[in-house]
Structure formats: C-alpha cells, structure tokens
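Visitor: One file is attached below, structure.cif, containing mmCIF, C-alpha atoms.
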```cif
data_input
#
loop_
_atom_site.label_atom_id
_atom_site.label_comp_id
_atom_site.auth_asym_id
_atom_site.auth_seq_id
_atom_site.Cartn_x
_atom_site.Cartn_y
_atom_site.Cartn_z
CA MET J 24 5.56 3.23 -26.46
CA ALA J 25 2.56 4.74 -24.72
CA ILE J 26 -0.71 2.98 -24.01
CA ASN J 27 -3.18 3.45 -26.83
CA ALA J 28 -6.29 4.81 -25.08
CA ASP J 29 -8.25 4.37 -28.33
CA PHE J 30 -8.68 0.73 -27.33
CA ALA J 31 -11.10 1.69 -24.54
CA GLY J 32 -14.62 0.57 -25.39
CA ARG J 33 -13.44 -2.10 -27.78
CA GLU J 34 -15.27 -5.43 -27.92
CA TYR J 35 -13.62 -8.46 -29.49
CA PRO J 36 -15.27 -11.33 -31.35
CA ALA J 37 -15.94 -14.48 -29.29
CA THR J 38 -12.89 -16.70 -28.86
CA ALA J 39 -12.62 -20.26 -30.04
CA PRO J 40 -14.11 -22.64 -27.45
CA TYR J 41 -12.07 -23.60 -24.38
CA SER J 42 -12.76 -27.23 -23.45
CA VAL J 43 -12.81 -27.68 -19.66
CA GLY J 44 -11.16 -31.00 -18.84
CA ARG J 45 -11.28 -33.02 -15.64
CA GLU J 46 -7.54 -33.41 -15.34
CA LYS J 47 -7.04 -29.67 -15.88
CA LEU J 48 -9.46 -28.91 -13.05
CA ARG J 49 -7.70 -31.40 -10.78
CA GLU J 50 -4.31 -29.92 -11.69
CA PHE J 51 -5.45 -26.34 -11.08
CA ALA J 52 -7.17 -27.23 -7.80
CA ALA J 53 -4.05 -29.02 -6.58
CA ALA J 54 -1.87 -26.04 -7.57
CA VAL J 55 -3.86 -23.61 -5.40
CA GLY J 56 -4.36 -26.13 -2.60
CA SER J 57 -8.10 -26.63 -3.11
CA THR J 58 -8.63 -30.08 -1.65
CA HIS J 59 -12.44 -30.08 -1.65
CA PRO J 60 -13.59 -33.42 -3.17
CA VAL J 61 -15.89 -31.84 -5.80
CA HIS J 62 -12.74 -30.70 -7.65
CA HIS J 63 -11.21 -34.16 -7.66
CA ASP J 64 -13.80 -36.91 -7.20
CA LEU J 65 -16.57 -37.39 -9.75
CA VAL J 66 -18.77 -39.30 -7.32
CA ALA J 67 -18.48 -36.51 -4.76
CA ALA J 68 -19.23 -33.85 -7.40
CA ARG J 69 -22.33 -35.65 -8.64
CA GLY J 70 -23.38 -36.39 -5.08
CA ALA J 71 -23.28 -32.64 -4.39
CA GLY J 72 -25.62 -32.06 -7.34
CA HIS J 73 -23.05 -31.02 -9.96
CA GLY J 74 -22.94 -32.52 -13.42
CA ASP J 75 -19.20 -33.12 -13.32
CA LEU J 76 -16.04 -31.97 -11.50
CA VAL J 77 -16.38 -28.36 -10.35
CA ALA J 78 -13.80 -25.65 -11.10
CA PRO J 79 -12.24 -23.71 -8.19
CA PRO J 80 -13.52 -20.11 -7.96
CA THR J 81 -10.44 -18.61 -9.66
CA PHE J 82 -10.12 -21.19 -12.45
CA ALA J 83 -11.92 -18.85 -14.85
CA VAL J 84 -8.67 -16.85 -15.03
CA VAL J 85 -7.28 -19.62 -17.25
CA VAL J 86 -10.10 -19.06 -19.70
CA ALA J 87 -10.09 -15.27 -19.39
CA GLN J 88 -6.37 -14.77 -19.95
CA ARG J 89 -6.59 -16.41 -23.36
CA ALA J 90 -9.11 -13.78 -24.36
CA GLU J 91 -7.12 -10.97 -22.69
CA ALA J 92 -4.10 -11.94 -24.79
CA GLN J 93 -5.90 -10.46 -27.80
CA LEU J 94 -5.36 -7.04 -26.22
CA ILE J 95 -2.12 -7.54 -24.32
CA GLU J 96 -0.24 -9.10 -27.22
CA ASP J 97 -1.46 -6.54 -29.76
CA PRO J 98 1.49 -4.21 -30.48
CA GLU J 99 -0.98 -1.46 -31.41
CA ALA J 100 -2.28 -1.43 -27.79
CA GLY J 101 1.17 -0.39 -26.52
CA ILE J 102 1.14 -2.56 -23.37
CA ASP J 103 4.72 -3.37 -22.34
CA PHE J 104 4.24 -6.52 -20.28
CA THR J 105 7.53 -6.04 -18.42
CA ARG J 106 6.02 -2.87 -16.91
CA VAL J 107 2.71 -4.43 -15.90
CA VAL J 108 1.47 -5.35 -12.45
CA HIS J 109 -1.90 -6.87 -11.70
CA ALA J 110 -4.03 -4.37 -9.77
CA ASP J 111 -7.31 -6.16 -9.16
CA GLU J 112 -9.43 -9.13 -10.20
CA ARG J 113 -13.07 -10.08 -9.77
CA PHE J 114 -15.01 -13.21 -10.67
CA THR J 115 -18.78 -13.33 -10.82
CA HIS J 116 -20.10 -16.83 -11.38
CA HIS J 117 -23.57 -17.09 -12.89
CA ARG J 118 -23.19 -20.85 -12.48
CA PRO J 119 -20.19 -23.02 -11.57
CA ILE J 120 -17.82 -24.04 -14.35
CA VAL J 121 -17.75 -27.84 -14.63
CA ALA J 122 -15.70 -30.33 -16.63
CA GLY J 123 -17.13 -30.84 -20.08
CA ASP J 124 -18.01 -27.18 -20.54
CA GLU J 125 -17.16 -25.64 -23.90
CA LEU J 126 -16.57 -21.98 -23.07
CA VAL J 127 -16.32 -19.02 -25.41
CA THR J 128 -15.24 -15.59 -24.23
CA VAL J 129 -16.03 -12.09 -25.39
CA LEU J 130 -13.37 -9.58 -24.31
CA HIS J 131 -14.37 -6.01 -23.56
CA VAL J 132 -11.90 -3.19 -22.85
CA ASP J 133 -13.97 -1.27 -20.31
CA ARG J 134 -11.57 1.51 -19.29
CA ILE J 135 -8.12 2.91 -19.90
CA VAL J 136 -7.25 5.64 -17.39
CA GLU J 137 -3.87 7.36 -17.27
CA ARG J 138 -2.70 9.29 -14.24
CA ALA J 139 0.60 10.06 -12.55
CA GLY J 140 2.67 8.01 -15.00
CA LEU J 141 0.46 4.95 -14.55
CA ALA J 142 -2.08 3.55 -17.01
CA MET J 143 -4.91 1.47 -15.54
CA VAL J 144 -6.37 -0.92 -18.11
CA THR J 145 -9.62 -2.62 -17.10
CA THR J 146 -10.89 -5.56 -19.12
CA ARG J 147 -14.06 -7.62 -18.76
CA CYS J 148 -14.37 -11.15 -20.06
CA GLU J 149 -17.90 -12.44 -20.53
CA ILE J 150 -17.63 -16.22 -20.55
CA PHE J 151 -20.45 -18.23 -22.09
CA ALA J 152 -21.21 -21.90 -22.54
CA ALA J 153 -21.29 -22.62 -26.24
CA ALA J 154 -24.30 -24.75 -27.00
CA THR J 155 -26.98 -25.39 -29.56
CA ASP J 156 -30.58 -24.49 -28.77
CA ASP J 157 -33.67 -26.61 -29.48
CA ALA J 158 -33.93 -25.19 -32.98
CA GLY J 159 -30.33 -26.14 -33.72
CA GLU J 160 -29.14 -22.53 -33.56
CA PRO J 161 -26.01 -21.52 -31.62
CA ALA J 162 -26.98 -20.40 -28.10
CA ARG J 163 -24.91 -18.90 -25.33
CA THR J 164 -25.57 -19.27 -21.62
CA PRO J 165 -23.73 -16.80 -19.35
CA VAL J 166 -21.31 -18.67 -17.07
CA SER J 167 -18.81 -16.20 -15.59
CA THR J 168 -17.77 -12.57 -15.75
CA VAL J 169 -14.11 -11.80 -15.09
CA VAL J 170 -13.03 -8.19 -14.53
CA SER J 171 -9.31 -7.48 -14.32
CA THR J 172 -7.26 -4.31 -14.03
CA LEU J 173 -3.62 -4.07 -15.05
CA ALA J 174 -1.44 -1.18 -13.95
CA VAL J 175 1.19 -0.28 -16.54
CA ARG J 176 4.09 1.94 -15.44
CA GLY J 177 5.10 4.68 -17.85
CA GLU J 178 8.60 4.98 -19.32
CA ASP J 179 9.90 7.24 -16.57
CA ALA J 180 7.87 5.91 -13.62
CA MET I 23 -0.81 -26.32 3.35
CA THR I 24 -2.98 -26.84 6.37
CA ALA I 25 -6.57 -25.87 6.98
CA GLN I 26 -8.46 -25.87 10.23
CA ARG I 27 -11.94 -26.93 9.27
CA PRO I 28 -14.96 -25.80 11.24
CA ALA I 29 -16.54 -29.22 11.90
CA ALA I 30 -17.27 -31.46 8.91
CA ALA I 31 -18.12 -30.55 5.31
CA ARG I 32 -21.70 -29.53 5.98
CA ARG I 33 -23.27 -26.24 4.96
CA PRO I 34 -23.38 -23.40 7.50
CA ALA I 35 -26.90 -22.16 8.32
CA ILE I 36 -27.35 -18.50 7.50
CA GLY I 37 -29.43 -17.91 10.63
CA ASP I 38 -26.56 -19.06 12.83
CA LEU I 39 -24.14 -16.48 11.47
CA ALA I 40 -23.29 -12.98 12.65
CA ALA I 41 -21.05 -10.32 11.14
CA GLY I 42 -17.59 -10.64 12.61
CA ASP I 43 -17.71 -14.42 13.05
CA VAL I 44 -14.40 -16.02 12.11
CA VAL I 45 -15.10 -18.75 9.55
CA GLY I 46 -11.59 -20.21 9.64
CA THR I 47 -7.87 -19.69 9.28
CA ARG I 48 -5.33 -21.20 6.93
CA THR I 49 -1.57 -21.15 6.64
CA VAL I 50 -0.15 -21.32 3.11
CA GLU I 51 3.53 -22.05 2.58
CA VAL I 52 4.77 -20.92 -0.81
CA ASP I 53 8.02 -22.13 -2.29
CA ARG I 54 9.48 -21.89 -5.80
CA ALA I 55 8.17 -25.34 -6.71
CA ARG I 56 4.67 -24.15 -5.82
CA LEU I 57 5.05 -21.18 -8.19
CA VAL I 58 6.28 -23.39 -11.02
CA ARG I 59 3.35 -25.69 -10.43
CA TYR I 60 0.89 -22.79 -10.47
CA ALA I 61 2.50 -21.41 -13.62
CA GLY I 62 1.94 -24.70 -15.38
CA ALA I 63 -1.59 -25.20 -14.10
CA SER I 64 -2.69 -21.64 -14.87
CA GLY I 65 -0.74 -20.94 -18.04
CA ASP I 66 0.77 -17.77 -16.52
CA PHE I 67 4.43 -18.12 -17.46
CA ASN I 68 5.51 -14.54 -16.70
CA PRO I 69 9.24 -14.94 -15.79
CA ILE I 70 8.90 -12.63 -12.75
CA HIS I 71 7.42 -15.71 -11.04
CA TRP I 72 10.37 -18.01 -11.63
CA ASN I 73 13.45 -16.10 -12.86
CA ASP I 74 15.37 -13.89 -10.39
CA THR I 75 17.45 -12.22 -13.09
CA PHE I 76 14.35 -11.24 -15.04
CA ALA I 77 12.53 -10.10 -11.89
CA ALA I 78 15.47 -7.89 -10.86
CA GLY I 79 15.63 -6.49 -14.38
CA VAL I 80 12.12 -5.10 -14.07
CA GLY I 81 12.76 -3.58 -10.65
CA LEU I 82 11.50 -6.31 -8.33
CA PRO I 83 13.46 -7.56 -5.31
CA GLY I 84 13.37 -11.06 -6.83
CA VAL I 85 10.85 -13.71 -7.79
CA ILE I 86 7.35 -12.92 -6.49
CA ALA I 87 4.28 -15.12 -6.19
CA HIS I 88 1.52 -14.84 -8.79
CA GLY I 89 -1.14 -12.57 -7.30
CA MET I 90 -3.66 -14.98 -8.78
CA PHE I 91 -2.01 -17.84 -6.87
CA THR I 92 -2.45 -15.98 -3.59
CA MET I 93 -6.04 -15.13 -4.48
CA GLY I 94 -6.78 -18.75 -5.40
CA ALA I 95 -5.09 -20.21 -2.32
CA ALA I 96 -6.95 -17.86 0.02
CA VAL I 97 -10.43 -18.79 -1.21
CA ALA I 98 -9.92 -22.50 -0.50
CA LEU I 99 -10.71 -21.59 3.10
CA VAL I 100 -14.12 -20.31 1.99
CA GLU I 101 -14.78 -23.39 -0.16
CA GLU I 102 -14.21 -25.68 2.84
CA TRP I 103 -16.37 -23.55 5.11
CA ALA I 104 -19.19 -23.29 2.56
CA GLY I 105 -19.17 -27.05 2.04
CA ASP I 106 -19.48 -26.56 -1.73
CA PRO I 107 -17.03 -24.60 -3.89
CA GLY I 108 -19.86 -24.02 -6.37
CA ALA I 109 -21.53 -21.82 -3.75
CA VAL I 110 -18.89 -19.08 -4.22
CA VAL I 111 -20.79 -16.82 -6.62
CA ASP I 112 -18.53 -13.76 -6.48
CA TYR I 113 -14.90 -13.28 -5.47
CA GLN I 114 -12.76 -10.18 -5.75
CA THR I 115 -9.45 -8.79 -4.57
CA ARG I 116 -6.93 -6.03 -5.01
CA PHE I 117 -3.25 -6.87 -5.21
CA THR I 118 -1.63 -4.41 -2.81
CA ARG I 119 1.80 -5.87 -2.02
CA PRO I 120 4.01 -8.44 -3.75
CA VAL I 121 4.97 -11.67 -1.97
CA PRO I 122 8.70 -12.38 -2.49
CA VAL I 123 9.41 -16.11 -2.59
CA PRO I 124 12.99 -17.09 -1.69
CA ASP I 125 15.17 -19.38 -3.80
CA ALA I 126 15.37 -21.76 -0.82
CA GLY I 127 12.78 -21.98 1.91
CA VAL I 128 9.24 -20.67 1.94
CA ALA I 129 7.13 -17.54 2.18
CA THR I 130 4.36 -18.10 4.71
CA LEU I 131 0.94 -16.54 4.17
CA GLU I 132 -1.66 -16.34 6.92
CA VAL I 133 -5.30 -16.30 5.80
CA THR I 134 -8.28 -15.43 8.00
CA GLY I 135 -11.91 -15.40 6.88
CA THR I 136 -14.56 -13.38 8.69
CA VAL I 137 -18.27 -12.91 8.04
CA GLY I 138 -18.47 -9.41 6.58
CA ALA I 139 -22.16 -9.09 5.75
CA ILE I 140 -25.28 -11.26 5.62
CA ASP I 141 -28.08 -10.82 3.08
CA ALA I 142 -30.83 -13.10 4.39
CA ASP I 143 -33.23 -12.18 1.55
CA ALA I 144 -30.70 -13.14 -1.12
CA GLY I 145 -29.47 -16.10 0.93
CA THR I 146 -25.89 -14.92 0.62
CA VAL I 147 -23.04 -14.25 3.02
CA ARG I 148 -20.00 -12.10 2.28
CA VAL I 149 -16.80 -13.51 3.70
CA ASP I 150 -13.97 -11.02 4.04
CA LEU I 151 -10.48 -12.49 3.79
CA THR I 152 -7.31 -11.03 5.21
CA VAL I 153 -4.08 -12.37 3.77
CA THR I 154 -0.82 -11.36 5.40
CA PHE I 155 2.88 -11.99 4.79
CA GLU I 156 5.30 -11.05 7.57
CA GLY I 157 2.48 -9.22 9.31
CA ALA I 158 1.55 -6.99 6.36
CA ARG I 159 -1.52 -7.40 4.19
CA VAL I 160 -0.76 -8.48 0.63
CA LEU I 161 -4.35 -8.37 -0.66
CA GLY I 162 -6.92 -5.62 -0.15
CA LYS I 163 -10.72 -5.75 -0.24
CA THR I 164 -10.77 -9.53 -0.60
CA GLN I 165 -14.42 -10.55 -0.54
CA ALA I 166 -16.14 -13.81 -1.40
CA VAL I 167 -19.91 -13.96 -1.68
CA VAL I 168 -21.29 -17.40 -0.81
CA ARG I 169 -24.81 -18.60 -1.53
CA LEU I 170 -26.03 -20.72 1.39
#
```
For the file at hand, write its structure as structure tokens.

Guide:
Amino acid sequence: MAINADFAGREYPATAPYSVGREKLREFAAAVGSTHPVHHDLVAARGAGHGDLVAPPTFAVVVAQRAEAQLIEDPEAGIDFTRVVHADERFTHHRPIVAGDELVTVLHVDRIVERAGLAMVTTRCEIFAAATDDAGEPARTPVSTVVSTLAVRGEDA
Amino acid sequence: MTAQRPAAARRPAIGDLAAGDVVGTRTVEVDRARLVRYAGASGDFNPIHWNDTFAAGVGLPGVIAHGMFTMGAAVALVEEWAGDPGAVVDYQTRFTRPVPVPDAGVATLEVTGTVGAIDADAGTVRVDLTVTFEGARVLGKTQAVVRL
C-alpha cells in the first residue's frame, strides 16, 4: 500500500498528558550512558538550579513517539513499518524537561515527499507543559519541539 | 562506556573557546544487552533491534542499533563538557549508516566533539559531533547547540 500524501499538513489533537517520572529519567539516562548527576541525584539537580531531575537531551523522543504513533499506526496513512528507516531527528528545547512535568503533544505532519521509490515523511511534535493559569484556565507552556523524518521504501525499492 | 572529561564539571567560558577546539572524546561499546535496555527505556521495541530473523527478513545484515540510541549516547559527551545537560538547547542528526551489533561481542563507536561555531551575542556554542563505527561515520550533521 502506498503512502497517503493527503496526510501532509494534518494536525492532530493534543495527546493525553505524559507524566515525567524520576525513575524513568534515571532509567533512560542509564540506557544511553548519561552519567551526569542532574539526571540521577535530586540534590545535584536542585543545586544546579533545576526544579527536579533533568531529562537527557534525547528523552523527548519517548514523549514524541507516542504522538507519532497516531500517524504511523493509522492504516489509512499507508506506512509499512517494516520498510521504514529513521532519516533524521532534531530536538529544540525551549526549557529542559524535568521530573514532575505533565506533557501534552500536538503532532503535525509537515511534509510527505516521494521520490525515487522512497517516501520521506516529516513530522513535528510540539510538546507543551499542561498547566492551569492564574484564572484557572488550561494553559500550555512550550517545552520542546521534536522534528523527525522517516524514509519509507516503496514496494519495489 | 568511558568518557575523558575536560577537567571537572564546571562550565566552559565562551571567551576561551575557538572553532575547531576538541571538547572531548568518548568510546561507546554497544552489545545486545545495551540495545534491549535502550528498547525498554525508550519504548522503541522495533524487532530489528533485537531479532536477527526479523532484521534479515527486512533486508538488514542483522540486528542494528537504534539510531536514537547512538544519537543519545553521543550527546552525553556534550552534557559532561557543558557541565549542565539542561544547557543543550538544540540537538540534531541524520542517520546515515546502520550500526550492526553482533550476537556476541560489541560494536565500538568512537565519538569526537569539536567546537563548530560560537555565537557570543546569543551566548551559545555549536558542538559538532562525529560518530564512527569501523572508521566510517554513522551519523551526519550531528550538531548540539549549548547555552553557556
């Protein structure tokens, strides 16, 4: 099944909140070999001016991929995951992610480009801290932007 | 994993830096257990990262490392150099070559960080990372912007 280019430009509703936990940050940091104390030691994190344990720079992928699943797992999008390779990834942090954050993500399908039997699918996840403003209304503070491109091989490539 | 730290965990001064300065090197040994651990920590359970039969079935030489693992392991060098992981405000890469990880033994990645550009007005430094496996680069355009 071919990639459905009609999905380009699509914006999804905000996801349910992702709760950033201390043990998850420690586990992720250990998995990538990030030994800096602000990922592991609350005293060190607070001493460095952070409110809680700090996420490693690529941790936001954990949050983003849950949002990206809305596209990738949608049969209508036509993305055969066995034919996918990851082409590029970029994180822009408006502020560090810390334990205790409640993060919601809005997925955007920025581009779908097909050439030479390859479809390049670029998504952008805008990650916000879910919070309530002074008036008790829901407010969103930008936290991270995650841009990812998947390359999907065609049937005969 | 080993890291050669430049001095202690204090912040580099932007005025002391010049483009081309090497900020550090790091050797990362990747085995299958490491991939399983990353799969669990990240939630990326794609079988190409742990199942040889599946990997071969989709045209790969065998199990390969998660590109996101390699990206995440490389930036630890920048975190240590910056003195604060929260100072990494932007980080990007392109995945140019897969890293096959053997059933027994390890795949060894060599990471080098170099000052690529300095923006004194913004107070930021771009660190360019090269990541190689068996002498060939596995990531392209790997850049971390650090606020100092």

Visitor: With the file shown as input, list the residues that the PyMOL selection byres ((chain J) within 6 of (chain I)) selects, as a list in words.

Guide: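 The output of the PyMOL selection byres ((chain J) within 6 of (chain I)) on this file is Glu50, Phe51, Ala54, Val55, Gly56, Ser57, Thr81, Val85, Ala110, Asp111, Glu112, Arg113, Phe114, Thr115, His116 and Pro119 of chain J.
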
Visitor: Please identify all polymer residues lying at most 10 Å from the point (-20.8, -18.3, -26.1) (file coordinates), using all atoms listed in the file, and present the result as a VMD selection string.

Guide: chain J and resid 37 to 40 125 to 129 149 to 154 161 to 166

Visitor: Check what the PyMOL selection byres ((chain I and resi 127-138) around 6) selects in the file above and give those residues as number ranges by chain.

Guide: I: 41-53, 123, 126, 139, 148-155

Visitor: Please determine the residues with any atom at most 7 Å from (1.1, 3.0, -15.1) (coordinates as given in the file, with all atoms listed in the file counting) and report them as a list in words.

Guide: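 Nearby residues: Glu137, Gly140, Leu141, Ala142, Met143, Ala174, Val175, Arg176 and Gly177 of chain J.
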
Visitor: Selection from above, C-alpha atoms, as a short mmCIF file (atom, residue, chain, number, x, y, z; two decimals), in the coordinates of the input, can you write it?

Guide:
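File produced: out35.cif:
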```
data_model
loop_
_atom_site.label_atom_id
_atom_site.label_comp_id
_atom_site.auth_asym_id
_atom_site.auth_seq_id
_atom_site.Cartn_x
_atom_site.Cartn_y
_atom_site.Cartn_z
CA GLU J 137 -3.87 7.36 -17.27
CA GLY J 140 2.67 8.01 -15.00
CA LEU J 141 0.46 4.95 -14.55
CA ALA J 142 -2.08 3.55 -17.01
CA MET J 143 -4.91 1.47 -15.54
CA ALA J 174 -1.44 -1.18 -13.95
CA VAL J 175 1.19 -0.28 -16.54
CA ARG J 176 4.09 1.94 -15.44
CA GLY J 177 5.10 4.68 -17.85
#
```

Visitor: Could you check how far atom CA of I:Arg33 sits from atom CA of I:Ala104, in Å to one decimal?

Guide: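 Going from atom CA of I:Arg33 over to atom CA of I:Ala104 covers 5.6 Å.
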
Visitor: Give me the residues near stretch 32-34 of chain J as an MDAnalysis selection string, where near means some atom within 8 Å (using all atoms listed in the file) and where sequence neighbours in that chain fewer than 4 positions away do not count.

Guide: chainID J and resid 129:134

Visitor: Since we have the selection now, will you write its residues out, keeping C-alpha atoms, as a PDB file, keeping the file's coordinate frame?

Guide:
```
ATOM      1  CA  VAL J 129     -16.030 -12.090 -25.390  1.00  0.00           C
ATOM      2  CA  LEU J 130     -13.370  -9.580 -24.310  1.00  0.00           C
ATOM      3  CA  HIS J 131     -14.370  -6.010 -23.560  1.00  0.00           C
ATOM      4  CA  VAL J 132     -11.900  -3.190 -22.850  1.00  0.00           C
ATOM      5  CA  ASP J 133     -13.970  -1.270 -20.310  1.00  0.00           C
ATOM      6  CA  ARG J 134     -11.570   1.510 -19.290  1.00  0.00           C
TER       7      ARG J 134
END
```

Visitor: For this structure, which residues satisfy the selection - the PyMOL selection byres ((chain J and resi 62-75) around 6) - when it is evaluated on the file as given? I want them as number ranges by chain.

Guide: J: 49, 60-61, 76-77, 121-122

Visitor: One number please: atom CA of I:Thr75 to atom CA of J:Val108, in Å, one decimal.

Guide: 17.4 Å

Visitor: What is the atom CA of J:Thr146-atom CA of J:Leu173 distance in Å, reported with one decimal?

Guide: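 About the pair atom CA of J:Thr146 and atom CA of J:Leu173: they are 8.5 Å apart.
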
Visitor: Nearest residue to J:Arg138 out of J:Pro80, J:Val169, J:Ile26, J:Ala87, using all atoms listed in the file?

Guide: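 Of J:Pro80, J:Val169, J:Ile26, J:Ala87, the one nearest J:Arg138 is J:Ile26, counting all atoms listed in the file.
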
Visitor: Can you list, as number ranges by chain, every protein, DNA or RNA residue that comes within 9 Å of I:Asp74 when you count all atoms listed in the file, leaving out same-chain residues fewer than 5 positions away?

Guide: I: 69, 79, 82-86, 125

Visitor: Write out N, CA and C atoms for stretch 147-162 of chain I, as a PDB file, keeping the file's coordinate frame.

Guide:
```
ATOM      1  N   VAL I 147     -23.921 -14.752   1.967  1.00  0.00           N
ATOM      2  CA  VAL I 147     -23.040 -14.250   3.020  1.00  0.00           C
ATOM      3  C   VAL I 147     -21.754 -13.770   2.362  1.00  0.00           C
ATOM      4  N   ARG I 148     -21.295 -12.601   2.783  1.00  0.00           N
ATOM      5  CA  ARG I 148     -20.000 -12.100   2.280  1.00  0.00           C
ATOM      6  C   ARG I 148     -18.929 -12.441   3.302  1.00  0.00           C
ATOM      7  N   VAL I 149     -17.934 -13.182   2.836  1.00  0.00           N
ATOM      8  CA  VAL I 149     -16.800 -13.510   3.700  1.00  0.00           C
ATOM      9  C   VAL I 149     -15.635 -12.612   3.294  1.00  0.00           C
ATOM     10  N   ASP I 150     -15.110 -11.890   4.296  1.00  0.00           N
ATOM     11  CA  ASP I 150     -13.970 -11.020   4.040  1.00  0.00           C
ATOM     12  C   ASP I 150     -12.691 -11.757   4.443  1.00  0.00           C
ATOM     13  N   LEU I 151     -11.732 -11.775   3.545  1.00  0.00           N
ATOM     14  CA  LEU I 151     -10.480 -12.490   3.790  1.00  0.00           C
ATOM     15  C   LEU I 151      -9.357 -11.500   4.040  1.00  0.00           C
ATOM     16  N   THR I 152      -8.551 -11.777   5.070  1.00  0.00           N
ATOM     17  CA  THR I 152      -7.310 -11.030   5.210  1.00  0.00           C
ATOM     18  C   THR I 152      -6.167 -12.005   4.935  1.00  0.00           C
ATOM     19  N   VAL I 153      -5.231 -11.549   4.126  1.00  0.00           N
ATOM     20  CA  VAL I 153      -4.080 -12.370   3.770  1.00  0.00           C
ATOM     21  C   VAL I 153      -2.834 -11.570   4.086  1.00  0.00           C
ATOM     22  N   THR I 154      -2.007 -12.103   4.990  1.00  0.00           N
ATOM     23  CA  THR I 154      -0.820 -11.360   5.400  1.00  0.00           C
ATOM     24  C   THR I 154       0.452 -12.158   5.140  1.00  0.00           C
ATOM     25  N   PHE I 155       1.532 -11.423   4.898  1.00  0.00           N
ATOM     26  CA  PHE I 155       2.880 -11.990   4.790  1.00  0.00           C
ATOM     27  C   PHE I 155       3.779 -11.136   5.676  1.00  0.00           C
ATOM     28  N   GLU I 156       4.462 -11.766   6.599  1.00  0.00           N
ATOM     29  CA  GLU I 156       5.300 -11.050   7.570  1.00  0.00           C
ATOM     30  C   GLU I 156       4.537  -9.918   8.239  1.00  0.00           C
ATOM     31  N   GLY I 157       3.287 -10.180   8.549  1.00  0.00           N
ATOM     32  CA  GLY I 157       2.480  -9.220   9.310  1.00  0.00           C
ATOM     33  C   GLY I 157       1.816  -8.134   8.495  1.00  0.00           C
ATOM     34  N   ALA I 158       2.131  -8.045   7.187  1.00  0.00           N
ATOM     35  CA  ALA I 158       1.550  -6.990   6.360  1.00  0.00           C
ATOM     36  C   ALA I 158       0.553  -7.599   5.367  1.00  0.00           C
ATOM     37  N   ARG I 159      -0.524  -6.913   5.145  1.00  0.00           N
ATOM     38  CA  ARG I 159      -1.520  -7.400   4.190  1.00  0.00           C
ATOM     39  C   ARG I 159      -0.983  -7.356   2.763  1.00  0.00           C
ATOM     40  N   VAL I 160      -1.208  -8.426   2.024  1.00  0.00           N
ATOM     41  CA  VAL I 160      -0.760  -8.480   0.630  1.00  0.00           C
ATOM     42  C   VAL I 160      -1.930  -8.360  -0.344  1.00  0.00           C
ATOM     43  N   LEU I 161      -3.148  -8.562   0.159  1.00  0.00           N
ATOM     44  CA  LEU I 161      -4.350  -8.370  -0.660  1.00  0.00           C
ATOM     45  C   LEU I 161      -5.237  -7.360   0.048  1.00  0.00           C
ATOM     46  N   GLY I 162      -5.958  -6.554  -0.724  1.00  0.00           N
ATOM     47  CA  GLY I 162      -6.920  -5.620  -0.150  1.00  0.00           C
ATOM     48  C   GLY I 162      -8.314  -5.966  -0.623  1.00  0.00           C
TER      49      GLY I 162
END
```
